[in-house]
Structures are given as C-alpha cells and as structure tokens.
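Here the structure comes first, spelled out in structure tokens, and everything after it is commentary.
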Amino acid sequence: MSSDVPPSSLERPALARLPDVARRAGVSTATVDRVLNGRPGVRPVTVQRVLKAATELNYVLESDLPAALAPLRLVFLLPAGTNRFLALLGRLIAASGPDLAERNIQARVEFIKSFSPELLARALTQHGRNADGIAFMALEHPAVREAVNALADKGVPTVTLISDLGGARRVACVGLDNRSAGRTAGYLIARFIGARKAKVAMIAGSLSYRAHEEREMGFLHLFEEMFPQIEVVGLREGQDDEARNYRQTRQFLAQHPDLAGLYNIGGGAAGVGKALRDMRRSDVVFVGHGLTPDTRALLLDGTMDAVITQNPESAIASCVAIFSNLRAGREATAGIAPPRIDIVLRENLP
C-alpha cells in the first residue's frame, strides 16, 4: 500500500483476542482469563509471561474500553406462567439493573406465553433488531431454530438458558446436564423407597422443552439400569401449571393407589404438594426442581423430599459474561464454569 494513503483511511487491525494472548504466552485461555481479571491461583512467573504477551499484542480488556462505548443491550426471554423458579429468575434480572448499568450493560426481561414457539420465534426476531444479545429458554421447534439462525446471520448472538435447542447456531447454553439431573432424581427416589417393588410416575411441564425430555430420558434409564424392580407407570404433562399439576397428581394416585414416588420434572410443585396433602399421601416420595419459596415450604413440612436446583444468580451472571466475552473478542465461555447440580433436603436448606 502506498505510503501517501491517509491514516484515517487505513483499515484498523482487529483487536487481539484472549486465545491470541494464550498462544503467545504458551498457557491455557483459562489461565489468561484469571491473570487479566486479577484472580488468584497463577504462579508469579506465569503472570508475568501472560502480561508480557498481552502487552505485545495490545490486548484490550473490556474494562479498558472507552466509557463512551454504547451500552451492551441484552434481552432475557422467559416463559410466562406459574413456574416460580422462572419468576424468581425474572425478578433477579430486573433487580440487577443498577449493578449492570455500572458496567455499561443494559438488561431487560420479557415473559412470553408459555409453550408457544411461534410467539417465542417472533420475540427473538423483534428484539434482535435492537439487542446486542438475547438469552432465552428455548422450545424445541423449527420456528425457534430458524429465528436463532437468522439472528446469527445478522451477527446477533443468542444463549439458551436452562433448556437448549438442537441444530441451532446459538453461541452457548447455560443450563444443567439434564440427563444427569433426571438420573439424579431417579436415584434419590429409588434410595428413599428402598429395595422393594414399587411404582413411580413423572409429571413434566412440556416435552417441547428439551430439558424436560432429557430429564425424562435420564430418569427412565436410571431405573432400567439400576432398579428394575421399580416400575415407571407413566408421564403426564402439566404445563408448569399448579392447578393442572394438582389434577394430574390426583389422577395418578387414583389410578395407582400403591404409587410410591413422584418426579416433578418442571414447575408447579405447589400443585403436586397440595394433591399429596389433600389425599393424605405423605408416604409418596416427592422430588422436583428449583429451590423457590414454595418448594422450600414443601421441604420444611415434609411433603417434598428433595429439590434439584441450580443457582439462579450464577445463571444470570454466566449469560452476561458470555455476551461480555464476545464483545471483548474473547471466546464465548472463557472463564465461565458450567452450572452445578445442587441437591437440597430439609436438613441442608440454605
């Protein structure tokens, strides 16, 4: 290129990315992330090597970007309804606004009619016109997949939250290993029941959620592999609705008076608990998901035996960190630990 070309017309070089620093320093991206974000656990000599590499590459931390940079605009799309865990998640996102604003991030939450893939796909497309990133609880449906892929073509990243979406170009999923969660539920119920023949049942929110389908699969496989004497007598969908879960539970108990265990795969645990109390079936082992005020109360009064949960604050923080990583040119999941399955009993309530 001729030397008389004005500097203002030259193409600006791309910012160095975290993997570039890792290659230059000869360490992992996780180590670079710890050093550049001031976290402990790295040897001093390694710290110096990473800092030297970052300096040589002119690596720019997001915190060093100009304050005038437009805010990072994030949208969280969650299903509406009586799922208390999702409602809690929504409240936490809204409450995090002031803290995120200090980091030049704007986040809003919108609730979409539950189990409507068309409305979810429409919301993804609509918010994708102005958002820099969208986190959403996915429904397994072609319309949703098409909307996500169209956003990817436009450079708008999406993150699936709690439930993933197959074959879609989302950048990451923030959620539990749901097959493992289903197996964990089965193991807990089997151990509570003991070494005897018994019947257990499941209530899902909807199998259009991949998370619920995977939990069901893990639950079934666990009994086939380890507890063949326990029969899984059926699965009903309650749409995460407490009133519907109440009716489904009563129907299970009427059809199978000897039912020994019940796994609530989704939300609406209060409906299941009310049915068990009304029919005086404290003998039924009851395991479900999401630590909320209602499941806490069910644990305390002995109606529920165990809750499988994940930390909602950590889930939100992981989503925000993924979009922040992308804006700063880092790998989407750099420095982000996968969510952990927590088992809560009455005796270890936090």
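Ordering of the structure tokens sets the chain letters (A, B, ...), residue numbers begin anew at 1 in every chain, and ligands are numbered from 1 in the order given.
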Set the distance at 9 Å and use only C-alpha atoms: which residues neighbour Leu345 of chain A once local chain neighbours fewer than 4 positions away are removed? I'd like the list as a list of chain:residue names. A:Leu299, A:Leu300, A:Met304, A:Asp305, A:Ala306, A:Val307, A:Leu349
Using backbone DSSP assignments, extract all alpha helix (DSSP H) residues from segment 243-335 of chain A; output them as a ChimeraX atom specification. /A:243-255,269-278,293-300,312-327
Excluding same-chain residues fewer than 5 positions from Pro19 of chain A, what lies within 9 Å of it counting only C-alpha atoms, as a ChimeraX atom specification? /A:24,28-29,32,330-331
For those residues, write all heavy atoms to a file as an mmCIF file, in the first residue's frame.
```cif
data_model
loop_
_atom_site.group_PDB
_atom_site.id
_atom_site.type_symbol
_atom_site.label_atom_id
_atom_site.label_comp_id
_atom_site.auth_asym_id
_atom_site.auth_seq_id
_atom_site.Cartn_x
_atom_site.Cartn_y
_atom_site.Cartn_z
ATOM 1 N N ARG A 24 0.471 -16.816 22.551
ATOM 2 C CA ARG A 24 1.738 -16.093 22.691
ATOM 3 C C ARG A 24 2.427 -16.446 24.007
ATOM 4 O O ARG A 24 3.652 -16.582 24.063
ATOM 5 C CB ARG A 24 1.474 -14.583 22.603
ATOM 6 C CG ARG A 24 2.702 -13.682 22.844
ATOM 7 C CD ARG A 24 3.710 -13.780 21.708
ATOM 8 N NE ARG A 24 3.201 -13.226 20.476
ATOM 9 C CZ ARG A 24 3.403 -11.991 20.059
ATOM 10 N NH1 ARG A 24 4.121 -11.155 20.780
ATOM 11 N NH2 ARG A 24 2.927 -11.572 18.907
ATOM 12 N N SER A 28 -3.025 -21.809 28.891
ATOM 13 C CA SER A 28 -4.426 -22.008 28.508
ATOM 14 C C SER A 28 -5.193 -20.687 28.544
ATOM 15 O O SER A 28 -4.774 -19.720 29.191
ATOM 16 C CB SER A 28 -5.102 -23.002 29.470
ATOM 17 O OG SER A 28 -5.240 -22.427 30.756
ATOM 18 N N THR A 29 -6.328 -20.658 27.856
ATOM 19 C CA THR A 29 -7.165 -19.454 27.882
ATOM 20 C C THR A 29 -7.706 -19.194 29.283
ATOM 21 O O THR A 29 -7.889 -18.044 29.691
ATOM 22 C CB THR A 29 -8.339 -19.583 26.900
ATOM 23 O OG1 THR A 29 -9.077 -20.784 27.193
ATOM 24 C CG2 THR A 29 -7.853 -19.611 25.460
ATOM 25 N N VAL A 32 -5.066 -17.296 31.170
ATOM 26 C CA VAL A 32 -5.038 -15.896 30.733
ATOM 27 C C VAL A 32 -6.197 -15.126 31.348
ATOM 28 O O VAL A 32 -6.026 -14.001 31.831
ATOM 29 C CB VAL A 32 -5.098 -15.812 29.191
ATOM 30 C CG1 VAL A 32 -5.232 -14.356 28.742
ATOM 31 C CG2 VAL A 32 -3.858 -16.437 28.576
ATOM 32 N N ARG A 330 -13.265 -12.183 23.184
ATOM 33 C CA ARG A 330 -12.831 -13.435 23.807
ATOM 34 C C ARG A 330 -13.749 -14.577 23.374
ATOM 35 O O ARG A 330 -14.815 -14.363 22.813
ATOM 36 C CB ARG A 330 -12.846 -13.295 25.330
ATOM 37 C CG ARG A 330 -11.886 -12.256 25.869
ATOM 38 C CD ARG A 330 -11.816 -12.315 27.394
ATOM 39 N NE ARG A 330 -13.012 -11.777 28.027
ATOM 40 C CZ ARG A 330 -13.152 -10.521 28.426
ATOM 41 N NH1 ARG A 330 -12.171 -9.642 28.199
ATOM 42 N NH2 ARG A 330 -14.254 -10.108 29.018
ATOM 43 N N GLU A 331 -13.319 -15.796 23.666
ATOM 44 C CA GLU A 331 -14.191 -16.945 23.447
ATOM 45 C C GLU A 331 -15.433 -16.794 24.310
ATOM 46 O O GLU A 331 -15.372 -16.285 25.436
ATOM 47 C CB GLU A 331 -13.464 -18.241 23.810
ATOM 48 C CG GLU A 331 -12.317 -18.588 22.870
ATOM 49 C CD GLU A 331 -11.649 -19.894 23.267
ATOM 50 O OE1 GLU A 331 -12.127 -20.535 24.221
ATOM 51 O OE2 GLU A 331 -10.655 -20.256 22.616
#
```
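Comparing the minimum interatomic distances between Arg17 of chain A and each of A:Arg346, A:Ala332, A:Gln310, A:Leu88, counting only C-alpha atoms, we find that A:Ala332 sits nearest.
Within 8 Å of Ala147 of chain A, once only C-alpha atoms are used and residues closer than 3 positions along the same chain are dropped, the contacting residues are Ala121, Arg122, Leu124, Thr125, Ala143, Val144, Ala150 and Leu151 of chain A.
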Show me, as JSON lines, the residues of segment 137-253 of chain A having an atom within 9 Å of segment 274-295 of chain A, each with the closest atom pair and its distance in Å, using only C-alpha atoms.
```
{"residue": "A:Ala185", "atom": "CA", "partner": "A:Val287", "partner_atom": "CA", "distance": 6.5}
{"residue": "A:Gly186", "atom": "CA", "partner": "A:Val287", "partner_atom": "CA", "distance": 8.7}
{"residue": "A:Leu188", "atom": "CA", "partner": "A:Val287", "partner_atom": "CA", "distance": 7.8}
{"residue": "A:Ile189", "atom": "CA", "partner": "A:Val285", "partner_atom": "CA", "distance": 6.3}
{"residue": "A:Phe192", "atom": "CA", "partner": "A:Val285", "partner_atom": "CA", "distance": 6.9}
{"residue": "A:Ile193", "atom": "CA", "partner": "A:Val285", "partner_atom": "CA", "distance": 7.2}
{"residue": "A:Val200", "atom": "CA", "partner": "A:Val285", "partner_atom": "CA", "distance": 8.8}
{"residue": "A:Asn245", "atom": "CA", "partner": "A:Ala275", "partner_atom": "CA", "distance": 8.4}
{"residue": "A:Tyr246", "atom": "CA", "partner": "A:Ala275", "partner_atom": "CA", "distance": 5.3}
{"residue": "A:Arg247", "atom": "CA", "partner": "A:Ala275", "partner_atom": "CA", "distance": 7.6}
{"residue": "A:Gln248", "atom": "CA", "partner": "A:Ala275", "partner_atom": "CA", "distance": 8.9}
{"residue": "A:Thr249", "atom": "CA", "partner": "A:Ala275", "partner_atom": "CA", "distance": 6.2}
{"residue": "A:Arg250", "atom": "CA", "partner": "A:Ala275", "partner_atom": "CA", "distance": 6.0}
{"residue": "A:Leu253", "atom": "CA", "partner": "A:Met279", "partner_atom": "CA", "distance": 8.4}
```
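For the pair atom CA of Pro79 of chain A and atom CA of Thr309 of chain A, the interatomic distance is 18.0 Å.
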Have a look at atom CA of Ile341 of chain A and atom CA of Leu326 of chain A and let me know their distance in Å, one decimal. 26.3 Å
Write out as a list in words the residues lying within 12 Å of Asn130 of chain A, counting only C-alpha atoms and excluding same-chain residues fewer than 3 positions away. Pro71, Leu72, Arg73, Leu74, Val75, Gln106, Ala123, Leu124, Thr125, Gln126, His127, Gly133, Ile134, Leu151, Lys154, Gly155 and Val156 of chain A
Given only C-alpha atoms as the counted atoms, nearest of A:Ala315, A:Val21, A:Ile308, A:Leu207 to Val344 of chain A: A:Ile308
Long-range neighbours of Gly97 of chain A as a list of chain:residue names, 8 Å cut-off, only C-alpha atoms, 2 positions minimum in chain: A:Ile93, A:Ala94, A:Ala95, A:Asp99, A:Leu100, A:Ala101, A:Gln106, A:Ala107, A:Arg108
Expected file: the selected residues, N, CA and C atoms, as a PDB file, in the first residue's frame:
```pdb
ATOM      1  N   ILE A  93     -33.150 -10.701  37.411  1.00  0.00           N
ATOM      2  CA  ILE A  93     -32.628  -9.967  36.257  1.00  0.00           C
ATOM      3  C   ILE A  93     -33.005  -8.492  36.367  1.00  0.00           C
ATOM      4  N   ALA A  94     -34.268  -8.238  36.698  1.00  0.00           N
ATOM      5  CA  ALA A  94     -34.725  -6.852  36.840  1.00  0.00           C
ATOM      6  C   ALA A  94     -33.966  -6.134  37.956  1.00  0.00           C
ATOM      7  N   ALA A  95     -33.730  -6.836  39.069  1.00  0.00           N
ATOM      8  CA  ALA A  95     -33.047  -6.221  40.207  1.00  0.00           C
ATOM      9  C   ALA A  95     -31.573  -5.963  39.931  1.00  0.00           C
ATOM     10  N   ASP A  99     -26.627  -2.594  39.030  1.00  0.00           N
ATOM     11  CA  ASP A  99     -25.270  -3.147  39.036  1.00  0.00           C
ATOM     12  C   ASP A  99     -24.735  -3.290  37.616  1.00  0.00           C
ATOM     13  N   LEU A 100     -25.582  -3.772  36.704  1.00  0.00           N
ATOM     14  CA  LEU A 100     -25.146  -3.932  35.314  1.00  0.00           C
ATOM     15  C   LEU A 100     -24.904  -2.583  34.656  1.00  0.00           C
ATOM     16  N   ALA A 101     -25.705  -1.586  35.015  1.00  0.00           N
ATOM     17  CA  ALA A 101     -25.534  -0.252  34.427  1.00  0.00           C
ATOM     18  C   ALA A 101     -24.155   0.310  34.733  1.00  0.00           C
ATOM     19  N   GLN A 106     -27.033  -2.879  29.699  1.00  0.00           N
ATOM     20  CA  GLN A 106     -28.467  -2.732  29.901  1.00  0.00           C
ATOM     21  C   GLN A 106     -29.124  -4.097  29.697  1.00  0.00           C
ATOM     22  N   ALA A 107     -29.928  -4.527  30.669  1.00  0.00           N
ATOM     23  CA  ALA A 107     -30.598  -5.819  30.559  1.00  0.00           C
ATOM     24  C   ALA A 107     -32.069  -5.652  30.878  1.00  0.00           C
ATOM     25  N   ARG A 108     -32.906  -6.276  30.064  1.00  0.00           N
ATOM     26  CA  ARG A 108     -34.338  -6.270  30.320  1.00  0.00           C
ATOM     27  C   ARG A 108     -34.853  -7.701  30.188  1.00  0.00           C
TER      28      ARG A 108
END
```
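One finds atom CA of Ala297 of chain A at 25.9 Å from atom CA of Leu161 of chain A.
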Quick one: residues within 7 Å of Gly175 of chain A, only C-alpha atoms counted, chain neighbours fewer than 2 positions away excluded, as a VMD selection string? chain A and resid 161 to 163 173 177 339
